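Okay, my_file11.cif now, which holds mmCIF, C-alpha atoms; chains and numbers go by the auth columns:
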data_my_file
#
loop_
_atom_site.group_PDB
_atom_site.id
_atom_site.type_symbol
_atom_site.label_atom_id
_atom_site.label_comp_id
_atom_site.label_asym_id
_atom_site.label_seq_id
_atom_site.Cartn_x
_atom_site.Cartn_y
_atom_site.Cartn_z
_atom_site.B_iso_or_equiv
_atom_site.auth_seq_id
_atom_site.auth_asym_id
ATOM 1 C CA MET A 1 -2.018 46.648 -40.262 0.00 1 Q
ATOM 2 C CA THR A 2 -1.975 45.143 -36.795 0.00 2 Q
ATOM 3 C CA PRO A 3 1.547 44.515 -35.422 0.00 3 Q
ATOM 4 C CA VAL A 4 0.420 41.240 -33.795 0.00 4 Q
ATOM 5 C CA THR A 5 -1.517 38.511 -35.596 0.00 5 Q
ATOM 6 C CA TYR A 6 -3.447 35.508 -34.259 0.00 6 Q
ATOM 7 C CA GLU A 7 -4.179 32.385 -36.313 0.00 7 Q
ATOM 8 C CA VAL A 8 -5.246 28.858 -35.342 0.00 8 Q
ATOM 9 C CA HIS A 9 -4.136 25.777 -37.285 0.00 9 Q
ATOM 10 C CA ARG A 10 -5.271 22.317 -36.155 0.00 10 Q
ATOM 11 C CA GLY A 11 -5.663 23.305 -32.528 0.00 11 Q
ATOM 12 C CA VAL A 12 -2.475 25.400 -32.407 0.00 12 Q
ATOM 13 C CA ALA A 13 -2.706 29.180 -32.051 0.00 13 Q
ATOM 14 C CA TRP A 14 0.126 31.173 -33.641 0.00 14 Q
ATOM 15 C CA LEU A 15 0.653 34.596 -32.069 0.00 15 Q
ATOM 16 C CA THR A 16 3.089 36.504 -34.287 0.00 16 Q
ATOM 17 C CA ILE A 17 4.804 39.836 -33.692 0.00 17 Q
ATOM 18 C CA ASP A 18 4.589 41.311 -37.186 0.00 18 Q
ATOM 19 C CA ARG A 19 6.969 44.250 -37.100 0.00 19 Q
ATOM 20 C CA PRO A 20 10.046 42.931 -38.902 0.00 20 Q
ATOM 21 C CA GLU A 21 11.169 46.377 -40.079 0.00 21 Q
ATOM 22 C CA ALA A 22 11.849 47.204 -36.399 0.00 22 Q
ATOM 23 C CA ARG A 23 13.172 43.739 -35.516 0.00 23 Q
ATOM 24 C CA ASN A 24 9.795 43.058 -33.855 0.00 24 Q
ATOM 25 C CA ALA A 25 10.571 45.520 -31.069 0.00 25 Q
ATOM 26 C CA LEU A 26 8.030 45.925 -28.272 0.00 26 Q
ATOM 27 C CA SER A 27 6.204 49.141 -29.079 0.00 27 Q
ATOM 28 C CA ARG A 28 3.050 50.015 -27.176 0.00 28 Q
ATOM 29 C CA ALA A 29 0.948 48.618 -30.020 0.00 29 Q
ATOM 30 C CA VAL A 30 2.878 45.332 -29.952 0.00 30 Q
ATOM 31 C CA ARG A 31 2.569 45.012 -26.181 0.00 31 Q
ATOM 32 C CA ASP A 32 -1.171 45.652 -26.312 0.00 32 Q
ATOM 33 C CA GLY A 33 -1.493 43.175 -29.176 0.00 33 Q
ATOM 34 C CA LEU A 34 0.339 40.498 -27.202 0.00 34 Q
ATOM 35 C CA PHE A 35 -1.947 40.971 -24.197 0.00 35 Q
ATOM 36 C CA ASP A 36 -5.001 40.777 -26.475 0.00 36 Q
ATOM 37 C CA GLY A 37 -3.642 37.681 -28.205 0.00 37 Q
ATOM 38 C CA VAL A 38 -2.902 35.836 -24.973 0.00 38 Q
ATOM 39 C CA ARG A 39 -6.371 36.629 -23.630 0.00 39 Q
ATOM 40 C CA ARG A 40 -7.901 35.458 -26.907 0.00 40 Q
ATOM 41 C CA PHE A 41 -5.979 32.193 -26.640 0.00 41 Q
ATOM 42 C CA ASN A 42 -7.161 31.685 -23.063 0.00 42 Q
ATOM 43 C CA ASP A 43 -10.778 32.061 -24.228 0.00 43 Q
ATOM 44 C CA ASP A 44 -10.381 30.040 -27.433 0.00 44 Q
ATOM 45 C CA ALA A 45 -11.769 26.536 -26.886 0.00 45 Q
ATOM 46 C CA GLU A 46 -10.413 25.430 -30.281 0.00 46 Q
ATOM 47 C CA ALA A 47 -6.806 26.312 -29.378 0.00 47 Q
ATOM 48 C CA ARG A 48 -4.962 23.832 -27.170 0.00 48 Q
ATOM 49 C CA VAL A 49 -1.409 25.212 -27.497 0.00 49 Q
ATOM 50 C CA LEU A 50 -0.053 28.723 -28.094 0.00 50 Q
ATOM 51 C CA VAL A 51 3.025 29.357 -30.234 0.00 51 Q
ATOM 52 C CA LEU A 52 4.657 32.781 -29.942 0.00 52 Q
ATOM 53 C CA THR A 53 6.958 33.855 -32.769 0.00 53 Q
ATOM 54 C CA GLY A 54 8.156 36.831 -34.786 0.00 54 Q
ATOM 55 C CA ALA A 55 7.797 37.732 -38.450 0.00 55 Q
ATOM 56 C CA GLY A 56 10.788 37.500 -40.752 0.00 56 Q
ATOM 57 C CA ASP A 57 14.066 35.630 -40.415 0.00 57 Q
ATOM 58 C CA THR A 58 16.125 38.126 -38.417 0.00 58 Q
ATOM 59 C CA ALA A 59 14.432 38.723 -35.091 0.00 59 Q
ATOM 60 C CA PHE A 60 12.059 36.925 -32.771 0.00 60 Q
ATOM 61 C CA CYS A 61 11.979 40.138 -30.749 0.00 61 Q
ATOM 62 C CA ALA A 62 14.827 42.608 -30.207 0.00 62 Q
ATOM 63 C CA GLY A 63 13.329 43.805 -26.919 0.00 63 Q
ATOM 64 C CA GLY A 64 11.913 47.158 -25.970 0.00 64 Q
ATOM 65 C CA ASP A 65 11.401 49.901 -28.526 0.00 65 Q
ATOM 66 C CA LEU A 66 14.278 52.127 -27.446 0.00 66 Q
ATOM 67 C CA LYS A 67 13.112 55.083 -29.540 0.00 67 Q
ATOM 68 C CA GLU A 68 9.709 54.961 -27.891 0.00 68 Q
ATOM 69 C CA MET A 69 11.316 54.545 -24.452 0.00 69 Q
ATOM 70 C CA ASN A 70 13.432 57.630 -25.084 0.00 70 Q
ATOM 71 C CA GLU A 71 10.465 59.657 -26.314 0.00 71 Q
ATOM 72 C CA THR A 72 8.369 58.749 -23.264 0.00 72 Q
ATOM 73 C CA ALA A 73 11.322 58.953 -20.843 0.00 73 Q
ATOM 74 C CA LEU A 74 10.299 55.551 -19.480 0.00 74 Q
ATOM 75 C CA GLN A 75 11.826 54.855 -16.085 0.00 75 Q
ATOM 76 C CA VAL A 76 10.374 51.892 -14.141 0.00 76 Q
ATOM 77 C CA PRO A 77 8.117 49.791 -16.400 0.00 77 Q
ATOM 78 C CA PRO A 78 4.779 49.005 -14.713 0.00 78 Q
ATOM 79 C CA PRO A 79 4.008 45.386 -13.779 0.00 79 Q
ATOM 80 C CA ASP A 80 1.650 45.104 -16.763 0.00 80 Q
ATOM 81 C CA PHE A 81 4.133 46.559 -19.251 0.00 81 Q
ATOM 82 C CA LEU A 82 4.353 43.264 -21.146 0.00 82 Q
ATOM 83 C CA PRO A 83 2.489 39.950 -20.769 0.00 83 Q
ATOM 84 C CA GLN A 84 4.495 37.596 -18.589 0.00 84 Q
ATOM 85 C CA PRO A 85 2.647 34.265 -18.330 0.00 85 Q
ATOM 86 C CA GLY A 86 2.880 32.975 -14.795 0.00 86 Q
ATOM 87 C CA ARG A 87 3.499 36.453 -13.387 0.00 87 Q
ATOM 88 C CA ASN A 88 1.027 39.083 -14.576 0.00 88 Q
ATOM 89 C CA ILE A 89 -1.314 36.914 -16.658 0.00 89 Q
ATOM 90 C CA ASP A 90 -2.416 33.323 -16.098 0.00 90 Q
ATOM 91 C CA VAL A 91 -2.067 31.017 -19.112 0.00 91 Q
ATOM 92 C CA PRO A 92 -3.189 27.521 -18.057 0.00 92 Q
ATOM 93 C CA LYS A 93 -2.625 25.934 -21.487 0.00 93 Q
ATOM 94 C CA PRO A 94 0.870 25.153 -22.831 0.00 94 Q
ATOM 95 C CA THR A 95 2.945 27.765 -24.630 0.00 95 Q
ATOM 96 C CA ILE A 96 5.883 27.419 -27.025 0.00 96 Q
ATOM 97 C CA ALA A 97 8.296 30.084 -28.247 0.00 97 Q
ATOM 98 C CA ALA A 98 9.375 29.573 -31.875 0.00 98 Q
ATOM 99 C CA VAL A 99 12.482 31.755 -31.876 0.00 99 Q
ATOM 100 C CA ASN A 100 13.250 32.770 -35.456 0.00 100 Q
ATOM 101 C CA GLY A 101 16.150 35.128 -34.780 0.00 101 Q
ATOM 102 C CA ILE A 102 17.509 37.319 -32.013 0.00 102 Q
ATOM 103 C CA ALA A 103 15.713 37.299 -28.668 0.00 103 Q
ATOM 104 C CA TYR A 104 17.213 40.179 -26.708 0.00 104 Q
ATOM 105 C CA GLY A 105 15.930 41.934 -23.600 0.00 105 Q
ATOM 106 C CA GLY A 106 12.154 41.747 -23.690 0.00 106 Q
ATOM 107 C CA GLY A 107 12.444 39.133 -26.431 0.00 107 Q
ATOM 108 C CA PHE A 108 14.447 36.958 -24.044 0.00 108 Q
ATOM 109 C CA LEU A 109 11.702 37.579 -21.474 0.00 109 Q
ATOM 110 C CA LEU A 110 9.006 36.327 -23.850 0.00 110 Q
ATOM 111 C CA ALA A 111 10.939 33.155 -24.670 0.00 111 Q
ATOM 112 C CA GLN A 112 11.811 32.573 -21.016 0.00 112 Q
ATOM 113 C CA GLN A 113 8.163 32.765 -19.938 0.00 113 Q
ATOM 114 C CA CYS A 114 6.998 30.168 -22.478 0.00 114 Q
ATOM 115 C CA ASP A 115 6.860 26.545 -21.369 0.00 115 Q
ATOM 116 C CA LEU A 116 8.936 25.219 -24.271 0.00 116 Q
ATOM 117 C CA VAL A 117 11.348 26.843 -26.723 0.00 117 Q
ATOM 118 C CA VAL A 118 12.219 25.801 -30.273 0.00 118 Q
ATOM 119 C CA ALA A 119 14.955 27.892 -31.879 0.00 119 Q
ATOM 120 C CA ALA A 120 16.213 28.364 -35.404 0.00 120 Q
ATOM 121 C CA ASP A 121 19.907 27.504 -35.620 0.00 121 Q
ATOM 122 C CA HIS A 122 20.867 31.151 -36.141 0.00 122 Q
ATOM 123 C CA ALA A 123 18.888 32.424 -33.120 0.00 123 Q
ATOM 124 C CA ARG A 124 20.639 34.348 -30.370 0.00 124 Q
ATOM 125 C CA PHE A 125 19.549 35.032 -26.788 0.00 125 Q
ATOM 126 C CA ALA A 126 20.683 37.873 -24.535 0.00 126 Q
ATOM 127 C CA VAL A 127 19.628 39.728 -21.423 0.00 127 Q
ATOM 128 C CA SER A 128 21.220 42.877 -22.800 0.00 128 Q
ATOM 129 C CA GLU A 129 19.988 45.350 -20.196 0.00 129 Q
ATOM 130 C CA VAL A 130 23.400 45.774 -18.537 0.00 130 Q
ATOM 131 C CA LYS A 131 24.724 47.161 -21.833 0.00 131 Q
ATOM 132 C CA LEU A 132 21.949 49.776 -21.929 0.00 132 Q
ATOM 133 C CA GLY A 133 21.688 50.811 -18.295 0.00 133 Q
ATOM 134 C CA ARG A 134 18.221 49.263 -18.065 0.00 134 Q
ATOM 135 C CA GLY A 135 16.826 46.637 -15.676 0.00 135 Q
ATOM 136 C CA ALA A 136 15.773 42.997 -15.878 0.00 136 Q
ATOM 137 C CA PRO A 137 13.760 42.111 -12.755 0.00 137 Q
ATOM 138 C CA TRP A 138 11.845 39.685 -14.953 0.00 138 Q
ATOM 139 C CA ALA A 139 14.991 37.532 -15.161 0.00 139 Q
ATOM 140 C CA ALA A 140 14.509 36.322 -11.579 0.00 140 Q
ATOM 141 C CA PRO A 141 13.430 32.802 -12.740 0.00 141 Q
ATOM 142 C CA LEU A 142 16.507 32.378 -14.956 0.00 142 Q
ATOM 143 C CA SER A 143 18.577 30.493 -12.378 0.00 143 Q
ATOM 144 C CA TRP A 144 15.704 27.982 -12.116 0.00 144 Q
ATOM 145 C CA LEU A 145 15.866 27.363 -15.858 0.00 145 Q
ATOM 146 C CA VAL A 146 19.651 27.158 -16.282 0.00 146 Q
ATOM 147 C CA PRO A 147 22.561 26.492 -13.888 0.00 147 Q
ATOM 148 C CA PRO A 148 23.116 29.459 -11.527 0.00 148 Q
ATOM 149 C CA ARG A 149 26.605 30.278 -12.835 0.00 149 Q
ATOM 150 C CA ILE A 150 25.307 30.295 -16.400 0.00 150 Q
ATOM 151 C CA ALA A 151 22.491 32.608 -15.334 0.00 151 Q
ATOM 152 C CA MET A 152 25.066 34.853 -13.680 0.00 152 Q
ATOM 153 C CA GLU A 153 27.165 34.988 -16.858 0.00 153 Q
ATOM 154 C CA ILE A 154 24.138 35.822 -19.015 0.00 154 Q
ATOM 155 C CA LEU A 155 23.008 38.572 -16.639 0.00 155 Q
ATOM 156 C CA LEU A 156 26.406 40.139 -15.898 0.00 156 Q
ATOM 157 C CA THR A 157 27.875 40.199 -19.405 0.00 157 Q
ATOM 158 C CA GLY A 158 24.795 40.818 -21.507 0.00 158 Q
ATOM 159 C CA ASP A 159 26.562 38.829 -24.217 0.00 159 Q
ATOM 160 C CA PRO A 160 24.479 36.831 -26.716 0.00 160 Q
ATOM 161 C CA VAL A 161 24.192 33.067 -26.372 0.00 161 Q
ATOM 162 C CA ASP A 162 23.808 31.118 -29.604 0.00 162 Q
ATOM 163 C CA ALA A 163 21.026 28.602 -30.107 0.00 163 Q
ATOM 164 C CA GLU A 164 23.097 25.452 -29.684 0.00 164 Q
ATOM 165 C CA ARG A 165 24.702 26.720 -26.487 0.00 165 Q
ATOM 166 C CA ALA A 166 21.268 27.716 -25.196 0.00 166 Q
ATOM 167 C CA ARG A 167 20.094 24.163 -25.904 0.00 167 Q
ATOM 168 C CA ARG A 168 23.014 22.707 -23.939 0.00 168 Q
ATOM 169 C CA TYR A 169 22.136 24.963 -21.015 0.00 169 Q
ATOM 170 C CA GLY A 170 18.498 23.813 -21.058 0.00 170 Q
ATOM 171 C CA LEU A 171 17.096 27.171 -22.118 0.00 171 Q
ATOM 172 C CA VAL A 172 16.012 25.709 -25.484 0.00 172 Q
ATOM 173 C CA ASN A 173 14.393 22.336 -26.197 0.00 173 Q
ATOM 174 C CA ASP A 174 15.142 21.943 -29.914 0.00 174 Q
ATOM 175 C CA VAL A 175 17.347 23.668 -32.491 0.00 175 Q
ATOM 176 C CA VAL A 176 16.370 23.334 -36.149 0.00 176 Q
ATOM 177 C CA PRO A 177 17.154 25.057 -39.456 0.00 177 Q
ATOM 178 C CA LEU A 178 15.063 28.183 -39.971 0.00 178 Q
ATOM 179 C CA ALA A 179 13.221 26.590 -42.902 0.00 179 Q
ATOM 180 C CA GLU A 180 12.003 23.832 -40.569 0.00 180 Q
ATOM 181 C CA LEU A 181 11.087 26.006 -37.583 0.00 181 Q
ATOM 182 C CA HIS A 182 7.377 26.430 -38.318 0.00 182 Q
ATOM 183 C CA ALA A 183 6.723 22.804 -39.252 0.00 183 Q
ATOM 184 C CA HIS A 184 8.765 21.426 -36.349 0.00 184 Q
ATOM 185 C CA THR A 185 7.023 23.658 -33.822 0.00 185 Q
ATOM 186 C CA GLN A 186 3.593 22.925 -35.279 0.00 186 Q
ATOM 187 C CA ALA A 187 4.262 19.180 -35.037 0.00 187 Q
ATOM 188 C CA LEU A 188 5.421 19.509 -31.421 0.00 188 Q
ATOM 189 C CA ALA A 189 2.352 21.555 -30.538 0.00 189 Q
ATOM 190 C CA GLU A 190 0.039 19.054 -32.244 0.00 190 Q
ATOM 191 C CA ARG A 191 1.540 16.187 -30.238 0.00 191 Q
ATOM 192 C CA ILE A 192 0.703 18.106 -27.079 0.00 192 Q
ATOM 193 C CA ALA A 193 -2.749 19.088 -28.341 0.00 193 Q
ATOM 194 C CA ALA A 194 -3.563 15.417 -29.073 0.00 194 Q
ATOM 195 C CA ASN A 195 -3.131 14.448 -25.424 0.00 195 Q
ATOM 196 C CA ALA A 196 -5.862 14.383 -22.779 0.00 196 Q
ATOM 197 C CA PRO A 197 -6.553 18.092 -22.117 0.00 197 Q
ATOM 198 C CA LEU A 198 -7.107 17.813 -18.361 0.00 198 Q
ATOM 199 C CA SER A 199 -3.872 15.845 -17.985 0.00 199 Q
ATOM 200 C CA VAL A 200 -1.974 18.429 -20.027 0.00 200 Q
ATOM 201 C CA LEU A 201 -3.230 21.297 -17.864 0.00 201 Q
ATOM 202 C CA ALA A 202 -2.352 19.423 -14.668 0.00 202 Q
ATOM 203 C CA ALA A 203 1.065 18.450 -16.022 0.00 203 Q
ATOM 204 C CA LYS A 204 1.932 22.084 -16.706 0.00 204 Q
ATOM 205 C CA ARG A 205 0.913 23.144 -13.200 0.00 205 Q
ATOM 206 C CA THR A 206 2.893 20.275 -11.681 0.00 206 Q
ATOM 207 C CA ALA A 207 6.065 21.162 -13.546 0.00 207 Q
ATOM 208 C CA TYR A 208 6.199 24.597 -11.915 0.00 208 Q
ATOM 209 C CA LEU A 209 5.506 23.476 -8.333 0.00 209 Q
ATOM 210 C CA SER A 210 9.165 22.967 -7.419 0.00 210 Q
ATOM 211 C CA ALA A 211 9.898 26.584 -8.338 0.00 211 Q
ATOM 212 C CA SER A 212 7.654 27.929 -5.609 0.00 212 Q
ATOM 213 C CA HIS A 213 7.089 25.164 -3.027 0.00 213 Q
ATOM 214 C CA PRO A 214 9.300 23.014 -0.773 0.00 214 Q
ATOM 215 C CA ARG A 215 9.459 19.373 -1.860 0.00 215 Q
ATOM 216 C CA ALA A 216 6.913 17.933 0.603 0.00 216 Q
ATOM 217 C CA GLU A 217 4.465 20.755 -0.082 0.00 217 Q
ATOM 218 C CA ALA A 218 4.932 20.310 -3.830 0.00 218 Q
ATOM 219 C CA TYR A 219 3.879 16.653 -3.517 0.00 219 Q
ATOM 220 C CA ASP A 220 0.772 17.650 -1.555 0.00 220 Q
ATOM 221 C CA ARG A 221 -0.177 20.298 -4.091 0.00 221 Q
ATOM 222 C CA ALA A 222 0.402 17.849 -6.950 0.00 222 Q
ATOM 223 C CA GLU A 223 -2.017 15.363 -5.361 0.00 223 Q
ATOM 224 C CA GLU A 224 -4.660 18.105 -5.233 0.00 224 Q
ATOM 225 C CA ILE A 225 -4.010 19.090 -8.855 0.00 225 Q
ATOM 226 C CA TRP A 226 -4.271 15.544 -10.207 0.00 226 Q
ATOM 227 C CA GLU A 227 -7.227 14.226 -8.175 0.00 227 Q
ATOM 228 C CA PRO A 228 -9.874 15.777 -10.498 0.00 228 Q
ATOM 229 C CA VAL A 229 -8.011 14.300 -13.468 0.00 229 Q
ATOM 230 C CA TYR A 230 -8.168 10.803 -11.983 0.00 230 Q
ATOM 231 C CA ARG A 231 -11.897 11.278 -11.389 0.00 231 Q
ATOM 232 C CA SER A 232 -12.617 12.548 -14.919 0.00 232 Q
ATOM 233 C CA ARG A 233 -14.338 10.692 -17.739 0.00 233 Q
ATOM 234 C CA ASP A 234 -11.171 11.010 -19.764 0.00 234 Q
ATOM 235 C CA ALA A 235 -9.324 8.956 -17.151 0.00 235 Q
ATOM 236 C CA GLN A 236 -11.638 6.069 -18.047 0.00 236 Q
ATOM 237 C CA GLU A 237 -11.594 6.779 -21.780 0.00 237 Q
ATOM 238 C CA GLY A 238 -7.813 6.424 -22.067 0.00 238 Q
ATOM 239 C CA PRO A 239 -7.565 2.817 -20.784 0.00 239 Q
ATOM 240 C CA LEU A 240 -10.764 1.879 -22.640 0.00 240 Q
ATOM 241 C CA ALA A 241 -9.372 3.182 -25.938 0.00 241 Q
ATOM 242 C CA PHE A 242 -6.141 1.298 -25.317 0.00 242 Q
ATOM 243 C CA ARG A 243 -8.084 -1.931 -24.721 0.00 243 Q
ATOM 244 C CA GLU A 244 -10.182 -1.365 -27.842 0.00 244 Q
ATOM 245 C CA LYS A 245 -7.100 -0.435 -29.898 0.00 245 Q
ATOM 246 C CA ARG A 246 -8.444 2.930 -31.024 0.00 246 Q
ATOM 247 C CA THR A 247 -7.598 6.597 -30.652 0.00 247 Q
ATOM 248 C CA PRO A 248 -9.056 8.131 -27.455 0.00 248 Q
ATOM 249 C CA VAL A 249 -11.889 10.615 -27.836 0.00 249 Q
ATOM 250 C CA TRP A 250 -11.170 13.239 -25.183 0.00 250 Q
ATOM 251 C CA GLN A 251 -14.005 15.275 -23.723 0.00 251 Q
ATOM 252 C CA GLY A 252 -12.031 17.372 -21.259 0.00 252 Q
ATOM 253 C CA VAL A 253 -14.363 16.307 -18.425 0.00 253 Q
#

Written as structure tokens, how would this file's structure read?
Amino acid sequence: MTPVTYEVHRGVAWLTIDRPEARNALSRAVRDGLFDGVRRFNDDAEARVLVLTGAGDTAFCAGGDLKEMNETALQVPPPDFLPQPGRNIDVPKPTIAAVNGIAYGGGFLLAQQCDLVVAADHARFAVSEVKLGRGAPWAAPLSWLVPPRIAMEILLTGDPVDAERARRYGLVNDVVPLAELHAHTQALAERIAANAPLSVLAAKRTAYLSASHPRAEAYDRAEEIWEPVYRSRDAQEGPLAFREKRTPVWQGV
């Protein structure tokens, strides 16, 4: 059986790490499956939003497969060791992490790199590398996501952060009971998928501008990003549908 599955429901692609017996640890097969799944999502015209989750009710992803790392004597992971949207693979469409349990190390990485995070109320987050003598260069964006002193605490202690505390820090958008995680995330994804697709793509790009551009340059880049949206057919369809009191029919052009 494949350790990563891909399914689409009403425009939402669910990419699931299906290795619960190993707490969904990132073996080579899992990492390859995640890359394949992300590429499939990018090419899938029927999928508007990607949800990344783990099988079972214990772990979203416990991080790297330490047994495999020991067997291969892994030292410095290569840049393409694991898909990191926005760093080593471009994912223009929105992504959501549905965190169903612990998200440690590489699991924290996967949640961090998604655009939105919904967590079960028993979920835990940790950059645990300092407890294992490993590295976390991928955590560089963390102080953009949460206050710098919180990022420092997470990185220096390696201690787990519970779901509600992660929500207060801004690392998580919503916290729900585990039994509601799938339905809540699906509903959130469908609300995004129902919006004008060109506007959604531009909105995602705009949200990340301040992380890499000075303020004035970010405004200039945003104008460039949104101009094709203003000139699209969908930009006329939205007001027309409002006037006619009907649901817009988006064409993505």

Exercise for the section: List the residues matched by the PyMOL selection byres ((chain Q and resi 206) around 12) in the displayed structure as number ranges by chain, ordered by chain and then by residue number. Expected result: Q: 92, 199-205, 207-213, 215, 217-226

Got time to write the residues from that selection, C-alpha atoms, as a CSV table (one decimal), in the frame of the given file?
chain,number,residue,atom,x,y,z
Q,92,PRO,CA,-3.2,27.5,-18.1
Q,199,SER,CA,-3.9,15.8,-18.0
Q,200,VAL,CA,-2.0,18.4,-20.0
Q,201,LEU,CA,-3.2,21.3,-17.9
Q,202,ALA,CA,-2.4,19.4,-14.7
Q,203,ALA,CA,1.1,18.4,-16.0
Q,204,LYS,CA,1.9,22.1,-16.7
Q,205,ARG,CA,0.9,23.1,-13.2
Q,207,ALA,CA,6.1,21.2,-13.5
Q,208,TYR,CA,6.2,24.6,-11.9
Q,209,LEU,CA,5.5,23.5,-8.3
Q,210,SER,CA,9.2,23.0,-7.4
Q,211,ALA,CA,9.9,26.6,-8.3
Q,212,SER,CA,7.7,27.9,-5.6
Q,213,HIS,CA,7.1,25.2,-3.0
Q,215,ARG,CA,9.5,19.4,-1.9
Q,217,GLU,CA,4.5,20.8,-0.1
Q,218,ALA,CA,4.9,20.3,-3.8
Q,219,TYR,CA,3.9,16.7,-3.5
Q,220,ASP,CA,0.8,17.6,-1.6
Q,221,ARG,CA,-0.2,20.3,-4.1
Q,222,ALA,CA,0.4,17.8,-7.0
Q,223,GLU,CA,-2.0,15.4,-5.4
Q,224,GLU,CA,-4.7,18.1,-5.2
Q,225,ILE,CA,-4.0,19.1,-8.9
Q,226,TRP,CA,-4.3,15.5,-10.2

Handout entry: Expected selection from the PyMOL selection byres ((chain Q and resi 43-55) around 9), given as number ranges by chain
Key = Q: 4, 8-20, 23-24, 38-42, 56-61, 93-101, 110-111, 114, 185-186, 189-190, 192-194, 197

When the PyMOL selection byres ((chain Q and resi 233) around 12) is applied to the structure above, which residues does it catch, written out as a PDB file with C-alpha atoms, in the coordinates of the input?
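What follows is the written file result-v9.pdb:
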ATOM      1  CA  ALA Q 196      -5.862  14.383 -22.779  1.00  0.00           C
ATOM      2  CA  PRO Q 197      -6.553  18.092 -22.117  1.00  0.00           C
ATOM      3  CA  LEU Q 198      -7.107  17.813 -18.361  1.00  0.00           C
ATOM      4  CA  SER Q 199      -3.872  15.845 -17.985  1.00  0.00           C
ATOM      5  CA  PRO Q 228      -9.874  15.777 -10.498  1.00  0.00           C
ATOM      6  CA  VAL Q 229      -8.011  14.300 -13.468  1.00  0.00           C
ATOM      7  CA  TYR Q 230      -8.168  10.803 -11.983  1.00  0.00           C
ATOM      8  CA  ARG Q 231     -11.897  11.278 -11.389  1.00  0.00           C
ATOM      9  CA  SER Q 232     -12.617  12.548 -14.919  1.00  0.00           C
ATOM     10  CA  ASP Q 234     -11.171  11.010 -19.764  1.00  0.00           C
ATOM     11  CA  ALA Q 235      -9.324   8.956 -17.151  1.00  0.00           C
ATOM     12  CA  GLN Q 236     -11.638   6.069 -18.047  1.00  0.00           C
ATOM     13  CA  GLU Q 237     -11.594   6.779 -21.780  1.00  0.00           C
ATOM     14  CA  GLY Q 238      -7.813   6.424 -22.067  1.00  0.00           C
ATOM     15  CA  PRO Q 239      -7.565   2.817 -20.784  1.00  0.00           C
ATOM     16  CA  LEU Q 240     -10.764   1.879 -22.640  1.00  0.00           C
ATOM     17  CA  PRO Q 248      -9.056   8.131 -27.455  1.00  0.00           C
ATOM     18  CA  VAL Q 249     -11.889  10.615 -27.836  1.00  0.00           C
ATOM     19  CA  TRP Q 250     -11.170  13.239 -25.183  1.00  0.00           C
ATOM     20  CA  GLN Q 251     -14.005  15.275 -23.723  1.00  0.00           C
ATOM     21  CA  GLY Q 252     -12.031  17.372 -21.259  1.00  0.00           C
ATOM     22  CA  VAL Q 253     -14.363  16.307 -18.425  1.00  0.00           C
TER      23      VAL Q 253
END

Exercise for the section: List the neighbours of segment 174-178 of chain Q out to 8 Å using all atoms listed in the file; skip same-chain residues closer than 5 positions along the sequence, and give me the result as a PyMOL selection string. Expected result: chain Q and resi 57+100+117-122+163-164+167+184

Problem - Close residues, segment 138-147 of chain Q itself excluded, 7 Å, only C-alpha atoms, min 4 positions apart in chain, as a PyMOL selection string - result: chain Q and resi 109+151+169-171

What would the file look like if the residues just selected were written as a compact mmCIF listing (two decimals), in the coordinates of the input with C-alpha atoms?
# COMPACT_ATOMS: atom_id res chain seq x y z
CA LEU Q 109 11.70 37.58 -21.47
CA ALA Q 151 22.49 32.61 -15.33
CA TYR Q 169 22.14 24.96 -21.02
CA GLY Q 170 18.50 23.81 -21.06
CA LEU Q 171 17.10 27.17 -22.12

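Neighbouring residues of Leu26 of chain Q at 8 Å or closer, counting all atoms listed in the file and skipping chain neighbours under 4 positions away, are Val30, Arg31, Cys61, Ala62, Gly63, Gly64, Asp65 and Gly106 of chain Q.
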
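With all atoms listed in the file as the atoms that count, the residue of Q:Thr5, Q:Asn173, Q:Gln75, Q:Thr157 with the shortest distance to Gln112 of chain Q is Q:Asn173.
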
Problem - Residue with smallest distance to Phe108 of chain Q - pool Q:Phe81, Q:Val172, Q:Asn88, Q:Arg165, counting only C-alpha atoms - result: Q:Val172

Practice task
For atom CA of Pro3 of chain Q and atom CA of Leu181 of chain Q, determine how far apart the two atoms are, in Å to one decimal place.
Solution key: 20.9 Å

Exercise for the section: Take atom CA of Leu132 of chain Q and atom CA of Gly158 of chain Q and report the distance between them in Å, one decimal. Expected result: 9.4 Å

Exercise for the section: With a distance cut-off of 7 Å and all atoms listed in the file, select the neighbouring residues of Pro83 of chain Q, excluding the residue or stretch itself and same-chain residues fewer than 6 positions from it, and output the selection as a list in words. Expected result: Leu34, Phe35 and Ile89 of chain Q

Fill in the blank from the handout: In Å and to one decimal, atom CA of Met1 of chain Q is distant from atom CA of Glu21 of chain Q by 13.2 Å

Quick one: segment 136-140 of chain Q with N, CA and C atoms, as a tab-separated table (two decimals), in the frame of the given file?
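Final output, saved to selection01.tsv:
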chain	number	residue	atom	x	y	z
Q	136	ALA	N	16.36	44.28	-15.48
Q	136	ALA	CA	15.77	43.00	-15.88
Q	136	ALA	C	15.24	42.24	-14.66
Q	137	PRO	N	14.31	42.85	-13.89
Q	137	PRO	CA	13.76	42.11	-12.76
Q	137	PRO	C	13.02	40.86	-13.18
Q	138	TRP	N	12.55	40.85	-14.42
Q	138	TRP	CA	11.84	39.68	-14.95
Q	138	TRP	C	12.74	38.47	-15.11
Q	139	ALA	N	14.06	38.65	-15.01
Q	139	ALA	CA	14.99	37.53	-15.16
Q	139	ALA	C	15.16	36.73	-13.88
Q	140	ALA	N	14.39	37.04	-12.85
Q	140	ALA	CA	14.51	36.32	-11.58
Q	140	ALA	C	14.39	34.81	-11.73
